[in-house]
$ cat data_23.txt   # compact mmCIF, C-alpha atoms
# COMPACT_ATOMS: atom_id res chain seq x y z
CA TRP A 15 0.00 0.00 0.00
CA ALA A 16 1.08 3.62 -0.37
CA SER A 17 3.34 4.76 2.47
CA ALA A 18 0.92 7.61 3.23
CA GLY A 19 -2.04 5.19 3.35
CA VAL A 20 -4.93 4.64 0.95
CA SER A 21 -8.09 6.76 0.86
CA VAL A 22 -11.22 4.95 2.05
CA THR A 23 -13.32 8.13 1.95
CA ASN A 24 -12.50 11.82 1.57
CA LEU A 25 -15.93 13.43 1.79
CA ASP A 26 -16.23 16.92 3.26
CA ARG A 27 -17.93 15.86 6.51
CA HIS A 28 -17.21 13.98 9.73
CA GLN A 29 -16.62 10.22 9.81
CA TYR A 30 -15.90 8.43 13.09
CA SER A 31 -16.52 5.27 15.18
CA ILE A 32 -14.31 3.45 12.66
CA SER A 33 -13.75 -0.31 12.66
CA ALA A 34 -12.04 -2.73 10.29
CA VAL A 35 -11.67 -6.50 9.95
CA ARG A 36 -10.04 -8.95 7.54
CA THR A 37 -12.59 -11.08 5.69
CA SER A 38 -12.26 -14.78 4.98
CA GLY A 39 -11.50 -13.97 1.32
CA GLY A 40 -8.37 -11.99 2.21
CA ASN A 41 -9.99 -8.57 1.74
CA TYR A 42 -10.64 -5.93 4.40
CA ALA A 43 -14.02 -4.54 5.44
CA VAL A 44 -14.02 -1.00 6.84
CA ALA A 45 -17.12 0.59 8.39
CA TYR A 46 -17.62 4.03 9.90
CA TYR A 47 -20.29 6.46 11.07
CA ASP A 48 -20.96 9.01 8.31
CA GLU A 49 -22.42 12.28 9.59
CA THR A 50 -24.30 13.38 6.48
CA PRO A 51 -26.23 16.66 6.29
CA SER A 52 -29.63 14.94 6.03
CA VAL A 53 -29.42 11.33 7.29
CA ASN A 54 -26.73 9.95 9.59
CA LYS A 55 -25.77 6.36 8.83
CA VAL A 56 -23.05 3.74 9.06
CA VAL A 57 -21.45 2.92 5.73
CA GLY A 58 -18.82 0.42 4.69
CA GLN A 59 -16.19 -0.17 2.04
CA LEU A 60 -14.34 -3.32 1.01
CA LEU A 61 -10.62 -3.07 0.29
CA SER A 62 -8.57 -5.66 -1.55
CA SER A 63 -5.33 -7.03 -0.19
CA THR A 64 -3.56 -4.35 -2.25
CA GLY A 65 -5.68 -1.50 -0.81
CA THR A 66 -8.00 -1.09 -3.82
CA LYS A 67 -11.63 -0.15 -3.14
CA LEU A 68 -13.82 -3.01 -4.39
CA TRP A 69 -17.23 -1.31 -4.07
CA ALA A 70 -18.02 1.53 -6.48
CA THR A 71 -19.61 3.51 -3.65
CA PRO A 72 -19.76 2.91 0.12
CA VAL A 73 -22.80 0.88 1.17
CA ASN A 74 -25.19 1.44 4.06
CA VAL A 75 -24.45 -1.49 6.37
CA VAL A 76 -26.40 -0.57 9.52
CA GLY A 77 -29.28 1.81 8.82
CA ASN A 78 -30.14 5.39 9.53
CA SER A 79 -29.29 6.02 13.18
CA LYS A 80 -26.61 7.46 15.41
CA VAL A 81 -24.04 4.78 16.20
CA SER A 82 -21.08 4.50 18.57
CA SER A 83 -18.67 1.85 19.88
CA MET A 84 -18.85 -0.16 16.66
CA ARG A 85 -16.93 -3.43 16.26
CA LEU A 86 -16.58 -5.65 13.19
CA MET A 87 -16.17 -9.42 13.27
CA ASN A 88 -15.50 -11.96 10.51
CA ASP A 89 -18.16 -14.68 10.99
CA LEU A 90 -15.90 -17.36 9.37
CA ALA A 91 -18.47 -17.87 6.59
CA GLY A 92 -17.44 -14.99 4.36
CA ASN A 93 -19.68 -12.38 5.96
CA VAL A 94 -18.96 -9.49 8.33
CA ILE A 95 -20.85 -8.82 11.57
CA SER A 96 -21.19 -5.27 12.89
CA ILE A 97 -21.88 -4.89 16.64
CA TYR A 98 -22.72 -1.36 17.76
CA ILE A 99 -24.50 0.91 20.21
CA ASN A 100 -27.58 2.41 18.60
CA ASP A 101 -27.65 5.86 20.23
CA LEU A 102 -31.29 6.73 19.68
CA GLN A 103 -32.47 10.19 20.53
CA ASP A 104 -35.11 11.80 22.77
CA SER A 105 -37.15 9.27 24.78
CA ASN A 106 -35.64 6.16 23.18
CA PRO A 107 -32.84 4.50 25.19
CA PRO A 108 -29.65 3.26 23.51
CA SER A 109 -29.35 -0.43 22.69
CA VAL A 110 -26.78 -3.00 21.53
CA ARG A 111 -27.55 -4.10 17.98
CA ALA A 112 -25.97 -6.25 15.30
CA GLN A 113 -26.05 -6.46 11.52
CA LYS A 114 -24.55 -8.94 9.05
CA PHE A 115 -23.45 -7.93 5.57
CA ASN A 116 -21.88 -10.03 2.84
CA THR A 117 -18.92 -9.22 0.62
CA ALA A 118 -21.27 -7.60 -1.91
CA GLY A 119 -22.32 -5.12 0.81
CA ALA A 120 -25.87 -6.48 1.15
CA THR A 121 -27.29 -6.60 4.69
CA GLN A 122 -28.52 -10.06 5.71
CA TRP A 123 -30.57 -9.31 8.85
CA THR A 124 -33.52 -7.05 9.63
CA ALA A 125 -33.02 -3.48 8.36
CA SER A 126 -32.97 -1.96 11.84
CA GLY A 127 -30.44 -4.53 13.09
CA LEU A 128 -30.86 -7.34 15.60
CA ALA A 129 -31.67 -5.92 19.06
CA ILE A 130 -29.33 -7.67 21.50
CA ALA A 131 -29.68 -5.45 24.58
CA SER A 132 -32.72 -3.18 24.46
CA ASN A 133 -33.76 -3.08 28.13
CA ALA A 134 -34.97 0.48 28.80
CA SER A 135 -32.66 0.88 31.81
CA SER A 136 -29.58 -0.90 30.42
CA PHE A 137 -27.78 2.08 28.83
CA PRO A 138 -25.20 -0.38 27.45
CA VAL A 139 -21.62 0.62 26.60
CA PHE A 140 -18.41 -0.96 25.29
CA PRO A 141 -19.80 -3.96 23.35
CA ARG A 142 -17.34 -6.71 22.44
CA VAL A 143 -17.82 -9.72 20.16
CA VAL A 144 -16.04 -13.05 19.57
CA ASN A 145 -16.72 -16.09 17.41
CA SER A 146 -18.29 -19.13 19.06
CA GLU A 147 -19.10 -22.64 17.88
CA SER A 148 -21.00 -23.36 14.63
CA GLU A 149 -20.47 -19.80 13.35
CA THR A 150 -22.44 -18.28 16.24
CA LEU A 151 -21.23 -15.15 18.04
CA VAL A 152 -20.98 -14.14 21.69
CA VAL A 153 -21.53 -10.46 22.50
CA ALA A 154 -20.74 -8.88 25.89
CA TRP A 155 -21.28 -5.34 27.18
CA ARG A 156 -21.39 -3.14 30.30
CA ASP A 157 -24.98 -2.79 31.50
CA PHE A 158 -26.63 -0.49 34.07
CA ARG A 159 -30.05 -2.15 34.43
CA SER A 160 -29.40 -3.23 38.04
CA THR A 161 -28.38 0.21 39.27
CA ALA A 162 -27.59 3.51 37.58
CA THR A 163 -24.36 3.91 39.53
CA LYS A 164 -22.74 0.47 39.11
CA ALA A 165 -22.31 -1.42 35.86
CA ASP A 166 -22.66 -5.18 35.45
CA ILE A 167 -21.47 -7.32 32.55
CA TYR A 168 -24.11 -9.00 30.40
CA GLY A 169 -23.70 -11.34 27.46
CA ALA A 170 -25.80 -12.85 24.69
CA LYS A 171 -25.34 -15.45 21.99
CA VAL A 172 -26.31 -14.69 18.38
CA ALA A 173 -27.24 -17.33 15.81
CA THR A 174 -26.25 -17.11 12.14
CA SER A 175 -29.91 -16.43 11.29
CA GLY A 176 -29.80 -13.10 13.13
CA SER A 177 -31.65 -14.18 16.26
CA LEU A 178 -30.70 -14.57 19.90
CA THR A 179 -30.11 -18.13 20.97
CA THR A 180 -29.75 -19.92 24.28
CA TRP A 181 -26.50 -20.64 26.07
CA ALA A 182 -25.72 -24.33 26.28
CA GLY A 183 -26.66 -25.29 29.83
CA GLY A 184 -27.42 -21.71 30.88
CA PRO A 185 -30.76 -20.85 32.53
CA ILE A 186 -33.35 -18.64 30.87
CA ILE A 187 -34.57 -16.15 33.50
CA SER A 188 -37.68 -13.99 33.40
CA ALA A 189 -37.15 -10.21 33.32
CA ALA A 190 -40.75 -8.98 33.49
CA ASN A 191 -44.38 -10.10 33.67
CA GLY A 192 -45.53 -11.36 30.29
CA ASN A 193 -46.21 -14.16 27.84
CA TRP A 194 -43.88 -17.18 27.69
CA ASN A 195 -43.56 -16.67 23.93
CA ASN A 196 -42.69 -12.98 24.13
CA SER A 197 -38.97 -12.11 24.06
CA ALA A 198 -39.62 -9.06 26.28
CA THR A 199 -40.49 -11.45 29.15
CA TRP A 200 -36.94 -12.85 29.31
CA GLN A 201 -33.53 -11.48 30.15
CA SER A 202 -31.64 -10.31 27.04
CA GLY A 203 -34.76 -11.21 25.01
CA ILE A 204 -33.77 -14.90 24.82
CA MET A 205 -36.85 -17.14 24.86
CA PRO A 206 -36.82 -20.71 26.24
CA VAL A 207 -36.53 -23.74 23.98
CA SER A 208 -37.22 -27.40 24.73
CA THR A 209 -33.73 -27.94 26.23
CA SER A 210 -33.77 -24.82 28.44
CA GLU A 211 -33.65 -24.58 32.20
CA VAL A 212 -36.21 -21.87 32.98
CA ILE A 213 -36.33 -19.70 36.10
CA ILE A 214 -39.56 -17.79 36.74
CA ARG A 215 -39.23 -14.65 38.90
CA HIS A 216 -42.29 -12.82 37.56
CA THR A 217 -45.81 -13.69 36.40
CA VAL A 218 -45.35 -15.63 33.17
CA THR A 219 -48.39 -16.79 31.19
CA VAL A 220 -48.26 -19.82 28.90
CA THR A 221 -50.74 -19.54 26.02
CA ALA A 222 -49.44 -22.39 23.84
CA THR A 223 -48.34 -25.86 24.91
CA THR A 224 -44.56 -25.95 25.23
CA THR A 225 -41.64 -27.99 26.58
CA ALA A 226 -38.64 -27.18 28.76
CA ARG A 227 -35.90 -29.24 30.38
CA LYS A 228 -36.54 -27.76 33.83
CA VAL A 229 -38.78 -25.05 35.28
CA THR A 230 -38.25 -23.38 38.66
CA VAL A 231 -40.72 -20.84 40.06
CA GLU A 232 -38.92 -18.64 42.58
CA ASN A 233 -40.45 -16.75 45.52
CA PRO A 234 -41.57 -14.14 46.26
CA ASN A 235 -42.87 -12.95 42.88
CA GLY A 236 -42.60 -15.99 40.61
CA ASN A 237 -45.93 -17.18 39.18
CA LEU A 238 -46.50 -19.54 36.23
CA ARG A 239 -49.97 -19.36 34.72
CA MET A 240 -51.36 -21.57 31.97
CA ASN A 241 -54.44 -20.95 29.85
CA PRO A 242 -57.14 -23.68 29.89
CA GLY A 243 -56.03 -26.79 28.00
CA ILE A 244 -52.41 -25.58 27.83
CA SER A 245 -49.44 -27.31 29.50
CA VAL A 246 -45.69 -27.15 29.98
CA THR A 247 -43.94 -30.53 29.66
CA VAL A 248 -40.79 -30.76 31.79
CA SER A 249 -38.21 -33.40 30.94
CA GLN A 250 -36.25 -33.15 34.20
$ encode --input "data_23.txt" --output "structure tokens"
Amino acid sequence: WASAGVSVTNLDRHQYSISAVRTSGGNYAVAYYDETPSVNKVVGQLLSSTGTKLWATPVNVVGNSKVSSMRLMNDLAGNVISIYINDLQDSNPPSVRAQKFNTAGATQWTASGLAIASNASSFPVFPRVVNSESETLVVAWRDFRSTATKADIYGAKVATSGSLTTWAGGPIISAANGNWNNSATWQSGIMPVSTSEVIIRHTVTVTATTTARKVTVENPNGNLRMNPGISVTVSQ
């Protein structure tokens, strides 16, 4: 490459929250927050091993929103994962989100990104991501949902389909009153599957017959309700 570096973008406006990663094809994906006059967005460019831009124009790889603390990860299948803080404005709290884009620059998950940590009191910061087994990803971040003055560390596992998945052997714990089949009922939005150990600390209502490996209802506020004719089959 040129000793002075190669130009990824030279537009007359601010670009920041920059991240880069080597792709499985030997190229380099670069993404950054582009503060445009009308719509702020995260865009990306693909560089060859010789520093040549491979996309005619930068592509929108996240969506139209204010983004910070972005990290890129090669998913080992030829795609690139972007993990970022979606710094929404006004009454909307920030959240940890993820997006997958391929080497053609096309996004593979929902346009607004996969919501990983969207608890209203989380105010997440410093997300980090690593590869896990079977091309899944593990994302961790600092989280303030327990108290506004002391941060905890939370983590979530992301499937290749762009959905949250369960930890192998880890319990699924209720976070609020709600329906068993609603992601908002569970911590980190991860819903139980048939192999899950489930811990109920709120009022959880089952409206469709389901299965779990183990279910524990904890005092003082745990309450498991089932609609007429509906059951939960426990294998342990």
$ residues_around --input "data_23.txt" --residues "range 220-233 of chain A" --least-positions-apart "6" --cutoff "12 Å" --atoms "all atoms listed in the file" --output "PyMOL selection string"
chain A and resi 183-188+191-196+199+205-214+239-250
$ residues_near_point --input "data_23.txt" --point "(-28.6, 1.0, 8.7)" --cutoff "12 Å" --atoms "all atoms listed in the file" --output "ChimeraX atom specification"
/A:45-48,53-58,73-81,96-98,100,111-115,119-128
$ write_last_selection --input "data_23.txt" --atoms "C-alpha atoms" --output "compact mmCIF listing (two decimals), in the coordinates of the input"
# COMPACT_ATOMS: atom_id res chain seq x y z
CA ALA A 45 -17.12 0.59 8.39
CA TYR A 46 -17.62 4.03 9.90
CA TYR A 47 -20.29 6.46 11.07
CA ASP A 48 -20.96 9.01 8.31
CA VAL A 53 -29.42 11.33 7.29
CA ASN A 54 -26.73 9.95 9.59
CA LYS A 55 -25.77 6.36 8.83
CA VAL A 56 -23.05 3.74 9.06
CA VAL A 57 -21.45 2.92 5.73
CA GLY A 58 -18.82 0.42 4.69
CA VAL A 73 -22.80 0.88 1.17
CA ASN A 74 -25.19 1.44 4.06
CA VAL A 75 -24.45 -1.49 6.37
CA VAL A 76 -26.40 -0.57 9.52
CA GLY A 77 -29.28 1.81 8.82
CA ASN A 78 -30.14 5.39 9.53
CA SER A 79 -29.29 6.02 13.18
CA LYS A 80 -26.61 7.46 15.41
CA VAL A 81 -24.04 4.78 16.20
CA SER A 96 -21.19 -5.27 12.89
CA ILE A 97 -21.88 -4.89 16.64
CA TYR A 98 -22.72 -1.36 17.76
CA ASN A 100 -27.58 2.41 18.60
CA ARG A 111 -27.55 -4.10 17.98
CA ALA A 112 -25.97 -6.25 15.30
CA GLN A 113 -26.05 -6.46 11.52
CA LYS A 114 -24.55 -8.94 9.05
CA PHE A 115 -23.45 -7.93 5.57
CA GLY A 119 -22.32 -5.12 0.81
CA ALA A 120 -25.87 -6.48 1.15
CA THR A 121 -27.29 -6.60 4.69
CA GLN A 122 -28.52 -10.06 5.71
CA TRP A 123 -30.57 -9.31 8.85
CA THR A 124 -33.52 -7.05 9.63
CA ALA A 125 -33.02 -3.48 8.36
CA SER A 126 -32.97 -1.96 11.84
CA GLY A 127 -30.44 -4.53 13.09
CA LEU A 128 -30.86 -7.34 15.60
$ atom_distance --input "data_23.txt" --atom1 "CA of Ser17 in chain A" --atom2 "CA of Ser62 in chain A"
16.3 Å
$ atom_distance --input "data_23.txt" --atom1 "CA of Trp69 in chain A" --atom2 "CA of Met87 in chain A"
19.2 Å
$ atom_distance --input "data_23.txt" --atom1 "CA of Ala91 in chain A" --atom2 "CA of Val152 in chain A"
15.8 Å
$ residues_near_point --input "data_23.txt" --point "(-17.8, -2.2, 21.0)" --cutoff "7 Å" --atoms "only C-alpha atoms" --output "MDAnalysis selection string"
chainID A and resid 83:85 97:98 140:142
$ residues_around --input "data_23.txt" --residues "Ser38 in chain A" --least-positions-apart "4" --cutoff "12 Å" --atoms "only C-alpha atoms" --output "ChimeraX atom specification"
/A:42-43,62-63,87-94,116-117
$ closest_residue --input "data_23.txt" --among "A:Gly65, A:Ser202, A:Leu151, A:Val144" --to "Ala18 in chain A" --atoms "all atoms listed in the file"
A:Gly65
$ residues_around --input "data_23.txt" --residues "Thr71 in chain A" --least-positions-apart "6" --cutoff "12 Å" --atoms "all atoms listed in the file" --output "MDAnalysis selection string"
chainID A and resid 22:23 25 57:61 118:119
$ residues_around --input "data_23.txt" --residues "Thr217 in chain A" --least-positions-apart "6" --cutoff "6 Å" --atoms "all atoms listed in the file" --output "PyMOL selection string"
chain A and resi 191+236-238
$ residues_around --input "data_23.txt" --residues "range 162-167 of chain A" --least-positions-apart "2" --cutoff "9 Å" --atoms "all atoms listed in the file" --output "number ranges by chain"
A: 135-138, 154-160, 169
$ closest_residue --input "data_23.txt" --among "A:Thr161, A:Ser197, A:Thr50, A:Ser146" --to "Val218 in chain A" --atoms "only C-alpha atoms"
A:Ser197
$ decode --input "data_23.txt" --residues "range 41-52 of chain A" --atoms "all heavy atoms" --output "short mmCIF file (atom, residue, chain, number, x, y, z; two decimals), in the first residue's frame"
data_model
loop_
_atom_site.label_atom_id
_atom_site.label_comp_id
_atom_site.auth_asym_id
_atom_site.auth_seq_id
_atom_site.Cartn_x
_atom_site.Cartn_y
_atom_site.Cartn_z
N ASN A 41 -9.76 -10.00 1.88
CA ASN A 41 -9.99 -8.57 1.74
C ASN A 41 -10.19 -7.95 3.12
O ASN A 41 -10.13 -8.63 4.15
CB ASN A 41 -11.21 -8.32 0.85
CG ASN A 41 -11.03 -8.89 -0.54
OD1 ASN A 41 -9.97 -8.74 -1.15
ND2 ASN A 41 -12.05 -9.56 -1.05
N TYR A 42 -10.47 -6.64 3.14
CA TYR A 42 -10.64 -5.93 4.40
C TYR A 42 -11.92 -5.09 4.36
O TYR A 42 -12.10 -4.27 3.46
CB TYR A 42 -9.43 -5.02 4.67
CG TYR A 42 -8.14 -5.79 4.80
CD1 TYR A 42 -7.37 -6.09 3.68
CD2 TYR A 42 -7.71 -6.26 6.03
CE1 TYR A 42 -6.20 -6.82 3.79
CE2 TYR A 42 -6.54 -6.99 6.15
CZ TYR A 42 -5.79 -7.27 5.02
OH TYR A 42 -4.64 -7.99 5.13
N ALA A 43 -12.80 -5.33 5.32
CA ALA A 43 -14.02 -4.54 5.44
C ALA A 43 -13.77 -3.40 6.41
O ALA A 43 -13.23 -3.60 7.49
CB ALA A 43 -15.18 -5.41 5.93
N VAL A 44 -14.15 -2.20 6.01
CA VAL A 44 -14.02 -1.00 6.84
C VAL A 44 -15.41 -0.37 6.96
O VAL A 44 -16.10 -0.19 5.96
CB VAL A 44 -13.04 0.02 6.23
CG1 VAL A 44 -12.92 1.25 7.13
CG2 VAL A 44 -11.68 -0.62 6.00
N ALA A 45 -15.83 -0.06 8.18
CA ALA A 45 -17.12 0.59 8.39
C ALA A 45 -16.92 1.79 9.30
O ALA A 45 -16.03 1.81 10.16
CB ALA A 45 -18.13 -0.37 9.00
N TYR A 46 -17.76 2.80 9.13
CA TYR A 46 -17.62 4.03 9.90
C TYR A 46 -18.95 4.78 9.92
O TYR A 46 -19.82 4.58 9.07
CB TYR A 46 -16.52 4.93 9.31
CG TYR A 46 -16.66 5.17 7.82
CD1 TYR A 46 -17.39 6.24 7.32
CD2 TYR A 46 -16.07 4.29 6.90
CE1 TYR A 46 -17.53 6.45 5.95
CE2 TYR A 46 -16.21 4.48 5.53
CZ TYR A 46 -16.94 5.57 5.06
OH TYR A 46 -17.09 5.76 3.72
N TYR A 47 -19.10 5.63 10.94
CA TYR A 47 -20.29 6.46 11.07
C TYR A 47 -20.11 7.70 10.20
O TYR A 47 -19.15 8.44 10.34
CB TYR A 47 -20.50 6.84 12.53
CG TYR A 47 -21.71 7.71 12.77
CD1 TYR A 47 -22.99 7.20 12.59
CD2 TYR A 47 -21.57 9.03 13.21
CE1 TYR A 47 -24.09 7.99 12.82
CE2 TYR A 47 -22.67 9.82 13.44
CZ TYR A 47 -23.94 9.31 13.26
OH TYR A 47 -25.04 10.09 13.48
N ASP A 48 -21.05 7.92 9.27
CA ASP A 48 -20.96 9.01 8.31
C ASP A 48 -22.00 10.07 8.68
O ASP A 48 -23.20 9.85 8.56
CB ASP A 48 -21.22 8.46 6.90
CG ASP A 48 -20.93 9.50 5.82
OD1 ASP A 48 -20.25 10.49 6.12
OD2 ASP A 48 -21.39 9.30 4.68
N GLU A 49 -21.53 11.21 9.13
CA GLU A 49 -22.42 12.28 9.59
C GLU A 49 -22.82 13.14 8.40
O GLU A 49 -22.24 14.18 8.11
CB GLU A 49 -21.71 13.13 10.66
CG GLU A 49 -22.64 14.01 11.47
CD GLU A 49 -21.90 14.72 12.59
OE1 GLU A 49 -20.94 15.46 12.30
OE2 GLU A 49 -22.26 14.51 13.76
N THR A 50 -23.85 12.68 7.68
CA THR A 50 -24.30 13.38 6.48
C THR A 50 -25.20 14.55 6.86
O THR A 50 -25.77 14.58 7.96
CB THR A 50 -25.08 12.42 5.55
OG1 THR A 50 -26.29 12.02 6.21
CG2 THR A 50 -24.24 11.20 5.23
N PRO A 51 -25.38 15.51 5.97
CA PRO A 51 -26.23 16.66 6.29
C PRO A 51 -27.69 16.30 6.55
O PRO A 51 -28.37 16.97 7.33
CB PRO A 51 -26.09 17.54 5.05
CG PRO A 51 -24.82 17.12 4.40
CD PRO A 51 -24.71 15.65 4.68
N SER A 52 -28.20 15.25 5.91
CA SER A 52 -29.63 14.94 6.03
C SER A 52 -29.89 13.70 6.87
O SER A 52 -30.71 13.72 7.79
CB SER A 52 -30.24 14.75 4.63
OG SER A 52 -29.53 13.74 3.91
#
